[in-house]
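Structure file input.cif with mmCIF, C-alpha atoms:
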data_upload
#
loop_
_atom_site.label_atom_id
_atom_site.label_comp_id
_atom_site.auth_asym_id
_atom_site.auth_seq_id
_atom_site.Cartn_x
_atom_site.Cartn_y
_atom_site.Cartn_z
CA MET K 192 62.78 -41.05 65.80
CA THR K 193 65.51 -43.65 65.25
CA VAL K 194 68.96 -42.44 66.27
CA ALA K 195 71.94 -43.77 64.30
CA ILE K 196 74.58 -45.71 66.22
CA LEU K 197 78.29 -45.15 65.66
CA ALA K 198 80.33 -48.26 66.40
CA ARG K 199 83.79 -47.96 67.90
CA GLY K 200 86.17 -46.54 65.31
CA GLN K 201 83.42 -45.11 63.13
CA ASN K 202 83.13 -41.43 62.28
CA THR K 203 80.64 -39.22 60.50
CA ALA K 204 80.16 -35.61 59.45
CA LEU K 205 77.89 -33.50 61.65
CA PRO K 206 75.21 -31.13 60.40
CA ALA K 207 76.25 -27.49 60.58
CA ALA K 208 75.60 -25.99 64.02
CA ALA K 209 77.16 -23.44 66.34
CA SER K 210 77.64 -26.03 69.07
CA TYR K 211 77.18 -29.69 69.94
CA SER K 212 76.93 -31.57 73.21
CA VAL K 213 78.28 -34.93 74.30
CA VAL K 214 75.99 -36.39 76.94
CA VAL K 215 76.90 -39.45 79.01
CA SER K 216 74.33 -41.07 81.31
CA HIS K 217 74.28 -44.00 83.70
CA ALA K 218 72.24 -45.42 86.55
CA ALA K 219 73.26 -45.32 90.22
CA GLY K 220 76.65 -46.87 90.94
CA PRO K 221 80.27 -45.78 91.39
CA GLU K 222 81.12 -42.12 90.91
CA VAL K 223 81.85 -41.23 87.28
CA ASP K 224 83.62 -38.07 86.08
CA LEU K 225 83.72 -36.58 82.61
CA VAL K 226 86.88 -34.88 81.33
CA ALA K 227 87.84 -33.35 77.99
CA PHE K 228 91.05 -32.32 76.25
CA LEU K 229 91.67 -29.66 73.59
CA LEU K 230 94.04 -31.29 71.09
CA ASP K 231 95.98 -30.32 67.98
CA GLU K 232 96.02 -32.12 64.61
CA ALA K 233 98.42 -34.74 65.96
CA GLY K 234 96.16 -35.50 68.93
CA ARG K 235 98.41 -33.81 71.48
CA ALA K 236 97.47 -31.37 74.24
CA PRO K 237 99.67 -28.24 74.37
CA GLY K 238 99.58 -28.00 78.19
CA ASP K 239 97.51 -28.36 81.34
CA GLU K 240 95.23 -25.54 80.20
CA ALA K 241 93.95 -27.88 77.50
CA MET K 242 92.19 -30.06 80.10
CA VAL K 243 88.52 -29.29 80.79
CA PHE K 244 86.97 -30.84 83.92
CA TYR K 245 85.25 -30.02 87.22
CA ASN K 246 88.23 -28.01 88.47
CA GLN K 247 88.67 -26.16 85.15
CA PRO K 248 85.23 -26.17 83.52
CA ASP K 249 85.79 -23.60 80.78
CA GLY K 250 88.10 -24.10 77.84
CA ALA K 251 88.36 -22.36 74.48
CA GLY K 252 85.42 -23.89 72.66
CA ALA K 253 84.50 -26.48 75.31
CA ARG K 254 82.52 -26.21 78.54
CA TRP K 255 82.05 -28.82 81.28
CA SER K 256 78.73 -28.80 83.17
CA PRO K 257 78.13 -30.30 86.61
CA PRO K 258 76.37 -33.69 86.44
CA GLU K 259 72.65 -33.80 87.12
CA THR K 260 70.70 -36.72 88.61
CA THR K 261 67.00 -37.23 87.93
CA GLY K 262 64.99 -40.37 88.55
CA GLY K 263 68.07 -42.38 89.45
CA VAL K 264 69.88 -41.49 86.21
CA THR K 265 72.96 -39.22 86.24
CA ARG K 266 73.80 -37.18 83.15
CA HIS K 267 77.18 -35.63 82.34
CA ARG K 268 77.46 -32.98 79.63
CA LEU K 269 80.21 -31.31 77.65
CA ASP K 270 79.32 -28.53 75.22
CA VAL K 271 81.62 -28.17 72.22
CA THR K 272 81.73 -24.94 70.19
CA PRO K 273 84.14 -25.37 67.25
CA GLY K 274 83.96 -21.66 66.42
CA GLY K 275 85.54 -20.95 69.80
CA TRP K 276 88.58 -23.18 69.32
CA ALA K 277 91.78 -21.18 69.63
CA GLY K 278 95.39 -21.63 68.60
CA THR K 279 96.19 -25.08 67.24
CA THR K 280 93.05 -26.78 68.57
CA ALA K 281 91.61 -29.12 65.96
CA ARG K 282 89.65 -31.55 68.11
CA VAL K 283 88.09 -32.11 71.50
CA ARG K 284 88.50 -35.52 73.13
CA ILE K 285 85.90 -36.61 75.66
CA GLY K 286 86.83 -39.11 78.36
CA LEU K 287 85.38 -40.74 81.47
CA THR K 288 86.84 -42.03 84.72
CA VAL K 289 85.26 -44.11 87.47
CA ALA K 290 86.21 -43.95 91.15
CA GLY K 291 86.91 -47.00 93.29
CA GLY K 292 86.23 -49.64 90.70
CA THR K 293 85.83 -50.27 87.00
CA PHE K 294 83.21 -49.58 84.36
CA ALA K 295 81.89 -53.11 84.80
CA ALA K 296 80.13 -51.72 87.89
CA VAL K 297 78.58 -48.74 86.05
CA PRO K 298 75.05 -49.73 84.99
CA GLN K 299 73.29 -48.54 81.84
CA LEU K 300 76.24 -46.55 80.52
CA HIS K 301 75.17 -44.55 77.46
CA ALA K 302 76.91 -41.86 75.40
CA ALA K 303 75.41 -39.66 72.69
CA LEU K 304 76.18 -36.67 70.51
CA HIS K 305 73.50 -33.99 70.53
CA GLY K 306 72.83 -31.07 68.20
CA PRO K 307 70.39 -28.17 68.54
CA GLY K 308 67.48 -30.47 67.70
CA GLY K 309 68.34 -33.28 70.13
CA GLU K 310 70.28 -36.53 69.98
CA LEU K 311 72.02 -37.10 66.64
CA TYR K 312 74.12 -40.21 67.28
CA THR K 313 74.58 -42.85 69.93
CA LEU K 314 78.26 -43.58 70.57
CA ASP K 315 78.58 -47.32 71.19
CA LEU K 316 81.10 -47.86 73.98
CA GLY K 317 80.80 -51.63 73.89
CA THR K 318 80.84 -53.46 77.23
CA PRO K 319 83.85 -52.14 79.17
CA ASP K 320 84.74 -54.31 82.13
CA VAL K 321 88.19 -53.89 83.70
CA GLN K 322 88.78 -50.33 82.47
CA ASP K 323 88.60 -47.45 84.90
CA ALA K 324 89.01 -44.79 82.20
CA LEU K 325 87.42 -44.57 78.75
CA ILE K 326 87.83 -42.41 75.67
CA VAL K 327 84.25 -41.74 74.57
CA GLY K 328 85.13 -40.04 71.30
CA ASP K 329 86.42 -36.99 69.46
CA VAL K 330 84.67 -34.00 67.93
CA TYR K 331 87.07 -32.64 65.34
CA ARG K 332 87.54 -30.50 62.26
CA HIS K 333 88.32 -32.19 58.95
CA ARG K 334 88.89 -29.55 56.29
CA ASP K 335 85.70 -27.46 56.41
CA THR K 336 83.58 -30.10 58.15
CA ILE K 337 83.03 -30.90 61.82
CA LYS K 338 82.94 -34.62 62.48
CA VAL K 339 82.53 -37.00 65.40
CA ARG K 340 84.40 -40.26 65.96
CA CYS K 341 83.34 -42.93 68.43
CA VAL K 342 86.42 -44.38 70.17
CA GLY K 343 85.24 -46.57 73.07
CA ASP K 344 88.75 -47.63 74.05
CA GLY K 345 90.00 -47.58 77.63
CA PHE K 346 92.75 -47.77 80.23
CA THR K 347 93.33 -49.52 83.53
CA ASP K 348 95.30 -46.70 85.16
CA GLY K 349 92.46 -44.19 85.44
CA LEU K 350 92.91 -40.53 84.67
CA ARG K 351 96.64 -41.09 84.21
CA GLY K 352 95.92 -43.13 81.09
CA LEU K 353 93.78 -40.40 79.56
CA ILE K 354 96.32 -37.70 80.41
CA THR K 355 99.44 -39.46 79.15
CA ASP K 356 97.64 -40.57 75.98
CA VAL K 357 97.41 -36.92 74.87
CA GLY K 358 101.02 -36.14 75.71
CA LEU K 359 100.66 -34.60 79.17
CA THR K 360 102.56 -35.81 82.21
CA VAL K 361 101.49 -36.81 85.70
CA GLU K 362 103.69 -36.07 88.70
CA ASP K 363 104.17 -39.06 90.99
CA GLU K 364 104.44 -38.68 94.74
CA ALA K 365 106.86 -41.61 94.79
CA PRO K 366 108.77 -43.45 92.07
CA ALA K 367 106.77 -46.22 90.47
CA PRO K 368 108.08 -49.74 91.20
CA GLN K 369 110.25 -51.12 88.44
CA PRO K 370 108.91 -54.17 86.60
CA SER K 371 110.77 -57.45 86.69
CA PRO K 372 113.20 -58.08 83.83
CA VAL K 373 111.49 -59.46 80.75
CA VAL K 374 112.59 -60.89 77.42
CA THR K 375 112.72 -58.20 74.76
CA LEU K 376 113.23 -57.99 71.03
CA THR K 377 116.83 -57.50 69.96
CA LYS K 378 116.24 -54.81 67.28
CA ALA K 379 116.93 -51.16 68.12
CA GLN K 380 113.34 -50.31 69.01
CA GLN K 381 112.60 -52.93 71.65
CA ILE K 382 109.26 -54.00 72.99
CA SER K 383 108.55 -56.09 76.02
CA LEU K 384 107.27 -59.60 75.52
CA ALA K 385 105.52 -59.40 78.87
CA LYS K 386 101.85 -59.87 78.11
CA PRO K 387 99.95 -56.56 78.41
CA ALA K 388 97.67 -56.14 81.38
CA THR K 389 93.98 -56.85 80.98
CA GLY K 390 92.31 -53.76 79.58
CA ALA K 391 95.42 -52.58 77.72
CA SER K 392 94.86 -50.45 74.62
CA SER K 393 94.34 -52.14 71.24
CA VAL K 394 97.69 -50.72 70.07
CA ASP K 395 99.59 -52.34 72.96
CA LEU K 396 97.81 -55.64 72.40
CA ARG K 397 98.70 -55.55 68.71
CA LYS K 398 102.32 -54.68 69.44
CA TYR K 399 102.47 -57.71 71.70
CA ALA K 400 100.94 -59.95 69.00
CA VAL K 401 103.44 -58.68 66.41
CA ALA K 402 106.35 -59.14 68.82
CA VAL K 403 105.35 -62.73 69.57
CA SER K 404 105.01 -63.48 65.84
CA LEU K 405 108.43 -61.98 65.08
CA VAL K 406 110.11 -64.02 67.79
CA LYS K 407 108.37 -67.24 66.75
CA SER K 408 109.42 -66.58 63.13
CA GLY K 409 113.03 -65.78 63.99
CA LEU K 410 112.67 -62.21 62.70
CA ASP K 411 112.97 -60.35 66.00
CA ALA K 412 116.51 -59.20 65.26
CA ARG K 413 115.61 -58.00 61.75
CA THR K 414 114.72 -54.56 60.45
CA PHE K 415 112.65 -53.85 57.34
CA ARG K 416 111.35 -50.87 55.45
CA VAL K 417 107.58 -51.34 55.57
CA VAL K 418 105.33 -50.14 52.73
CA LEU K 419 101.55 -50.21 52.41
CA ALA K 420 99.83 -50.23 49.01
CA ILE K 421 96.08 -49.56 49.15
CA ASP K 422 93.68 -50.54 46.37
CA CYS K 423 91.47 -47.56 45.40
CA SER K 424 89.64 -49.10 42.45
CA GLY K 425 85.91 -48.47 42.17
CA SER K 426 84.94 -51.71 43.85
CA THR K 427 86.73 -50.72 47.09
CA LYS K 428 84.43 -47.78 47.83
CA LYS K 429 82.31 -49.84 50.21
CA LEU K 430 85.45 -50.88 52.10
CA PHE K 431 86.42 -47.24 52.61
CA ARG K 432 82.89 -46.13 53.54
CA SER K 433 82.46 -48.89 56.13
CA GLY K 434 85.82 -48.17 57.77
CA VAL K 435 87.32 -51.54 56.77
CA MET K 436 90.29 -49.90 55.01
CA GLN K 437 90.99 -47.60 57.97
CA ARG K 438 90.83 -50.52 60.41
CA SER K 439 93.09 -52.54 58.09
CA LEU K 440 95.63 -49.71 58.02
CA GLU K 441 95.61 -49.55 61.82
CA ARG K 442 96.36 -53.28 61.94
CA MET K 443 99.34 -52.80 59.56
CA VAL K 444 100.93 -49.67 61.06
CA VAL K 445 101.80 -51.57 64.24
CA ILE K 446 104.04 -53.80 62.11
CA ALA K 447 105.99 -50.74 61.02
CA ASP K 448 106.24 -49.49 64.59
CA LEU K 449 108.18 -52.61 65.58
CA LEU K 450 109.85 -53.65 62.35
CA ASP K 451 110.57 -50.52 60.31
CA ASP K 452 113.90 -48.72 60.53
CA ASN K 453 112.23 -45.43 61.55
CA GLY K 454 108.83 -46.63 62.79
CA GLU K 455 107.05 -45.19 59.76
CA MET K 456 105.13 -46.95 57.01
CA GLU K 457 105.35 -45.54 53.49
CA VAL K 458 101.96 -45.44 51.73
CA TRP K 459 100.87 -45.67 48.11
CA PHE K 460 97.29 -45.47 46.86
CA PHE K 461 96.64 -47.07 43.51
CA GLY K 462 93.95 -47.61 40.89
CA ASP K 463 94.88 -47.21 37.24
CA PHE K 464 97.84 -45.10 38.40
CA PRO K 465 99.77 -44.92 41.71
CA VAL K 466 99.90 -41.94 44.08
CA ARG K 467 102.51 -41.85 46.82
CA SER K 468 101.07 -40.29 49.97
CA ALA K 469 102.43 -39.17 53.35
CA PRO K 470 104.00 -41.85 55.56
CA VAL K 471 102.03 -43.02 58.58
CA ARG K 472 103.01 -44.08 62.09
CA VAL K 473 100.98 -45.29 65.08
CA ALA K 474 100.48 -41.75 66.39
CA THR K 475 99.10 -40.48 63.06
CA ALA K 476 97.08 -43.57 62.07
CA PRO K 477 93.67 -42.44 63.40
CA ASP K 478 91.87 -40.49 60.64
CA TYR K 479 94.80 -41.11 58.24
CA LEU K 480 92.56 -42.00 55.30
CA GLU K 481 90.42 -38.93 55.93
CA ARG K 482 93.45 -36.66 56.04
CA GLN K 483 94.87 -38.15 52.85
CA ALA K 484 91.52 -38.21 51.02
CA ALA K 485 92.83 -35.96 48.22
CA ASP K 486 95.64 -38.42 47.39
CA LYS K 487 93.19 -41.32 47.50
CA LYS K 488 90.84 -39.53 45.11
CA ARG K 489 93.68 -38.90 42.65
CA ALA K 490 94.36 -42.64 42.58
CA GLU K 491 90.75 -43.79 42.12
CA GLY K 492 89.82 -45.56 38.91
CA GLY K 493 90.40 -49.00 37.52
CA ASN K 494 92.75 -51.73 38.62
CA PHE K 495 96.34 -51.92 37.35
CA GLU K 496 98.72 -53.26 39.97
CA PRO K 497 101.91 -53.38 37.82
CA ARG K 498 102.27 -49.58 37.77
CA VAL K 499 102.31 -49.22 41.54
CA MET K 500 104.57 -52.27 41.88
CA LYS K 501 107.06 -50.76 39.44
CA GLU K 502 106.94 -47.38 41.22
CA ILE K 503 107.69 -49.03 44.56
CA LEU K 504 110.56 -50.99 43.02
CA ASP K 505 111.93 -47.79 41.46
CA TRP K 506 111.71 -46.10 44.87
CA THR K 507 113.72 -48.88 46.55
CA ALA K 508 116.41 -48.42 43.87
CA ALA K 509 116.40 -44.60 44.04
CA GLU K 510 116.47 -44.56 47.86
CA PRO K 511 118.57 -47.62 48.75
CA SER K 512 118.59 -49.00 52.26
CA PRO K 513 120.61 -51.66 54.05
CA HIS K 514 117.29 -53.21 55.07
CA PRO K 515 114.91 -55.29 52.92
CA THR K 516 111.50 -53.91 51.99
CA LEU K 517 108.22 -55.54 53.05
CA VAL K 518 105.29 -54.44 50.89
CA LEU K 519 101.87 -55.00 52.45
CA PHE K 520 99.56 -54.91 49.44
CA TRP K 521 95.79 -54.60 50.01
CA SER K 522 93.48 -55.67 47.18
CA ASP K 523 89.80 -56.51 46.90
CA GLY K 524 90.35 -58.57 43.78
CA GLY K 525 89.56 -57.94 40.14
CA VAL K 526 93.25 -58.46 39.35
CA HIS K 527 93.63 -59.17 35.66
CA ALA K 528 97.17 -58.10 34.67
CA GLU K 529 98.52 -61.59 35.33
CA LYS K 530 101.29 -61.54 32.74
CA GLN K 531 102.70 -58.15 33.82
CA ILE K 532 102.51 -59.00 37.54
CA THR K 533 104.22 -62.35 37.01
CA GLU K 534 106.98 -60.77 34.92
CA LEU K 535 107.60 -58.11 37.58
CA LEU K 536 107.83 -60.74 40.32
CA VAL K 537 110.27 -62.87 38.31
CA ARG K 538 112.45 -59.91 37.27
CA SER K 539 112.61 -58.46 40.79
CA SER K 540 113.05 -61.76 42.64
CA ASN K 541 116.80 -61.07 43.01
CA ARG K 542 116.09 -57.86 44.93
CA PRO K 543 115.48 -57.48 48.69
CA VAL K 544 111.74 -56.86 48.32
CA TYR K 545 108.93 -59.13 49.53
CA TRP K 546 105.35 -58.67 48.31
CA MET K 547 102.74 -59.66 50.91
CA PHE K 548 99.41 -59.52 49.06
CA LEU K 549 96.36 -59.34 51.35
CA GLY K 550 92.85 -59.95 50.03
CA LEU K 551 89.80 -58.10 51.33
CA GLY K 552 86.15 -58.28 50.40
CA VAL K 553 85.48 -61.94 49.48
CA ALA K 554 86.30 -61.39 45.81
CA ASP K 555 87.83 -63.00 42.74
CA TYR K 556 91.51 -62.42 43.47
CA GLY K 557 92.76 -63.57 40.07
CA VAL K 558 96.51 -64.02 39.81
CA LEU K 559 97.01 -63.28 43.51
CA ALA K 560 95.50 -66.66 44.35
CA ARG K 561 98.02 -68.31 42.02
CA LEU K 562 101.20 -66.70 43.31
CA ASP K 563 102.52 -70.04 44.57
CA ASN K 564 102.67 -71.18 40.94
CA VAL K 565 104.93 -68.34 39.76
CA ARG K 566 108.14 -69.92 38.46
CA GLY K 567 111.42 -68.62 37.06
CA GLY K 568 112.54 -66.26 39.82
CA LEU K 569 115.63 -66.58 41.95
CA VAL K 570 113.43 -67.01 45.05
CA ASP K 571 109.70 -66.91 45.71
CA SER K 572 109.26 -63.22 46.61
CA ALA K 573 105.46 -63.00 46.99
CA GLY K 574 102.69 -64.49 49.08
CA PHE K 575 98.94 -64.15 49.26
CA LEU K 576 96.65 -64.25 52.29
CA PRO K 577 92.89 -64.16 51.53
CA ILE K 578 91.59 -62.40 54.63
CA ASP K 579 88.14 -61.54 53.22
CA ASP K 580 86.78 -60.03 56.48
CA ILE K 581 89.62 -58.58 58.57
CA ASP K 582 87.33 -57.96 61.56
CA LEU K 583 86.91 -61.73 61.94
CA LEU K 584 90.65 -62.47 61.96
CA SER K 585 92.45 -62.24 65.29
CA ASP K 586 95.74 -60.38 65.68
CA ASP K 587 97.52 -63.62 66.52
CA ASP K 588 96.33 -65.26 63.30
CA LEU K 589 96.91 -62.21 61.11
CA TYR K 590 100.47 -61.48 62.19
CA GLY K 591 101.29 -65.16 62.70
CA GLN K 592 100.41 -65.98 59.10
CA ILE K 593 102.15 -62.93 57.63
CA PHE K 594 105.44 -63.64 59.37
CA GLY K 595 105.31 -67.37 60.11
CA THR K 596 103.85 -68.62 56.84
CA PHE K 597 105.30 -66.10 54.39
CA VAL K 598 107.93 -63.51 55.33
CA SER K 599 110.19 -65.79 57.39
CA ARG K 600 110.37 -68.36 54.57
CA TRP K 601 111.32 -65.70 52.04
CA HIS K 602 113.87 -64.19 54.41
CA SER K 603 115.62 -67.53 54.84
CA ALA K 604 115.60 -68.24 51.08
CA ALA K 605 116.77 -64.72 50.20
CA ALA K 606 119.61 -64.92 52.73
CA ALA K 607 120.70 -68.29 51.35
CA ALA K 608 120.63 -66.88 47.79
CA GLY K 609 122.80 -63.93 48.76
CA ILE K 610 120.02 -61.37 48.20
CA LEU K 611 120.18 -60.19 51.82
CA THR K 612 123.33 -59.13 53.61
CA PRO K 613 123.93 -60.84 56.96
#
Could I get this file's structure written as C-alpha cells?
Amino acid sequence: MTVAILARGQNTALPAAASYSVVVSHAAGPEVDLVAFLLDEAGRAPGDEAMVFYNQPDGAGARWSPPETTGGVTRHRLDVTPGGWAGTTARVRIGLTVAGGTFAAVPQLHAALHGPGGELYTLDLGTPDVQDALIVGDVYRHRDTIKVRCVGDGFTDGLRGLITDVGLTVEDEAPAPQPSPVVTLTKAQQISLAKPATGASSVDLRKYAVAVSLVKSGLDARTFRVVLAIDCSGSTKKLFRSGVMQRSLERMVVIADLLDDNGEMEVWFFGDFPVRSAPVRVATAPDYLERQAADKKRAEGGNFEPRVMKEILDWTAAEPSPHPTLVLFWSDGGVHAEKQITELLVRSSNRPVYWMFLGLGVADYGVLARLDNVRGGLVDSAGFLPIDDIDLLSDDDLYGQIFGTFVSRWHSAAAAAGILTP
C-alpha cells in the first residue's frame, strides 16, 4: 500500500479514530529522544506538566513509550488520544532531540503518523543537518476534525529550543554570555542585524531578510500599518489546497512583525465582496487560514478588487493613524475591473496608502501588469510584482524587491509631495 507523504508545512484531516501514534525510527547512531507538549489554541504550554517525555511519560491524552530497537533500527512512539485532552489542550506537538551531535549524524531518520490500521502518513522532515532538536509535527483539533501537520523545522540549542518555543522557561545554572553589540533597527521594535546562526528557525531567517531589506531601502526608522488582502476567487482554490496561500501569508506576516505599529497584520479576504477577518501576527500565523475558513468561505466567488480596495481605504479614514498603510495584495489574476481600479488609485494617490500587488499562479494579471502606466495621480501609489511561484523566490529577493524596488520609491515621493508627515 502506498503511504501519502506530507511535506513540511502541509496538513491533512485524519480519519476518525480513538487514538493515533507518531512513530519515529532511525538506524544506529547518536542517542535520540522523543518529547511532546500539550498546547492550547495559541500553541503555548500552560506549565511543566504539559511536557511528556521519559521522565513524565503520561499526559492527558498523550503517552510516551520507551524506545525499542530491533534489527539495528530504533523506534520511538507517542500515542495521542484526543478524547483524553483536558483543559485548554487543543494540540500535541511532537519533538526530537539528539545527544552529543546533530541530526546530520542520525541515519535513516523517518517519521510517520499511524492509525488503528497502520501507517497513514509519512511526515517528511527533509534533511536536517546542524539542528540538534526538531519539531516533527502537531496533532490538533480544528473544529470537529482531528488533523496532523508536518513541521520539520529545528533548533540548534537542543531541548531548550523546543521548550522556549512553546512558552516554557529553562533555568540556567549560570548567566548566558552577552552577545557583542550589533547594529539594530531604529524603530521601536528592534531586531538585530547580526546574521542568525546556522539552523535558525525560518521565522528568524525571514526577520533578518526583512531587516536587511529595510536598512538597504532606508526604511528602517519607519513604521507602517500593514494590511493583507487575499484573493478568494474560484481560481485560487488550488492555491489554498496546496498550501501556497498559507505559505505566502507566513512570508508576509514577518513584515508586519518588524514594520507594523503593533506587530499585527490586518487581513481582508475578497472575491465579489470583501470580508474583514481577524488580524494575524507571527505567533498566530500557523493554521491561520484554517482557523479563518468561515470568513474565507463568505468571501468566495468572482473577482472584483475595487470593493475591497474601497473598504480598506474607508478603514484608513475611519481609523486614522500617524503611520502610512502598506497593503500587500495577493491575486492570481483574472483582474478585469481596470477602469474602477485605475480611478481608485488616481483618487487615493494623495493619501498615505501604498498598494503592493503580488501575483501568484502564473496567470493573466490584467491591469496589475500595467500599473506603471497609470497616470493622473499625485504620486505613483501602486506596484506589481509577478511572483508566480512563491516557493521558488528567496526571502532576500522577495523582501528586497518589495521594499527596494517599490515601497521606498513611493515613500520618498510621498514625503516630497507632503503626503507623509516627517
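Counting all atoms listed in the file and comparing K:Leu350, K:Val264, K:Leu430, K:Val394, the residue that lies closest to Asp579 in chain K is K:Leu430.
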Give me the residues near Thr193 in chain K as a PDB file with C-alpha atoms, in the coordinates of the input, where near means some atom within 12 Å (using only C-alpha atoms) and where sequence neighbours in that chain fewer than 4 positions away do not count.
ATOM      1  CA  GLY K 309      68.340 -33.280  70.130  1.00  0.00           C
ATOM      2  CA  GLU K 310      70.280 -36.530  69.980  1.00  0.00           C
ATOM      3  CA  LEU K 311      72.020 -37.100  66.640  1.00  0.00           C
ATOM      4  CA  TYR K 312      74.120 -40.210  67.280  1.00  0.00           C
ATOM      5  CA  THR K 313      74.580 -42.850  69.930  1.00  0.00           C
TER       6      THR K 313
END
Give me the residues of range 234-270 of chain K that have any atom at most 12 Å from an atom of range 314-338 of chain K; for each, the nearest atom pair and the distance in Å, rounded to one decimal. Use all atoms listed in the file, sort by chain and number, and format it as a Markdown table.
| residue | atom | partner | partner_atom | distance |
| --- | --- | --- | --- | --- |
| K:Gly234 | CA | K:Asp329 | CA | 9.9 |
| K:Gly252 | CA | K:Val330 | CA | 11.2 |
| K:Ala253 | CA | K:Val330 | CA | 10.5 |
| K:Leu269 | CA | K:Val330 | CA | 11.0 |
| K:Asp270 | CA | K:Val330 | CA | 10.6 |
Using only C-alpha atoms, determine which residues lie at most 6 Å from Ala420 in chain K, disregarding the query and same-chain residues fewer than 3 positions distant; provide the list as a PyMOL selection string.
chain K and resi 458-460+520
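Here the question is which of K:Met443, K:Val417, K:Ile593, K:Leu205 gets nearest to Ser404 in chain K using all atoms listed in the file, and that residue is K:Ile593.
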Computed gap from CA of Gly434 in chain K to CA of Asp356 in chain K is 23.0 Å
I need the residue set behind the PyMOL selection byres ((chain K and resi 582) around 9) for this file; please write it as a ChimeraX atom specification.
/K:435,438-439,580-581,583-585
Could you tell me which residues the PyMOL selection byres ((chain K and resi 478-481) around 9) returns for this structure, as a ChimeraX atom specification?
/K:202,333,431,436-437,440,471,475-477,482-485,487
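If all atoms listed in the file are the atoms counted, then among K:Gly409, K:Pro273, K:Gly250, K:Gly220 the closest residue to Leu300 in chain K is K:Gly220.
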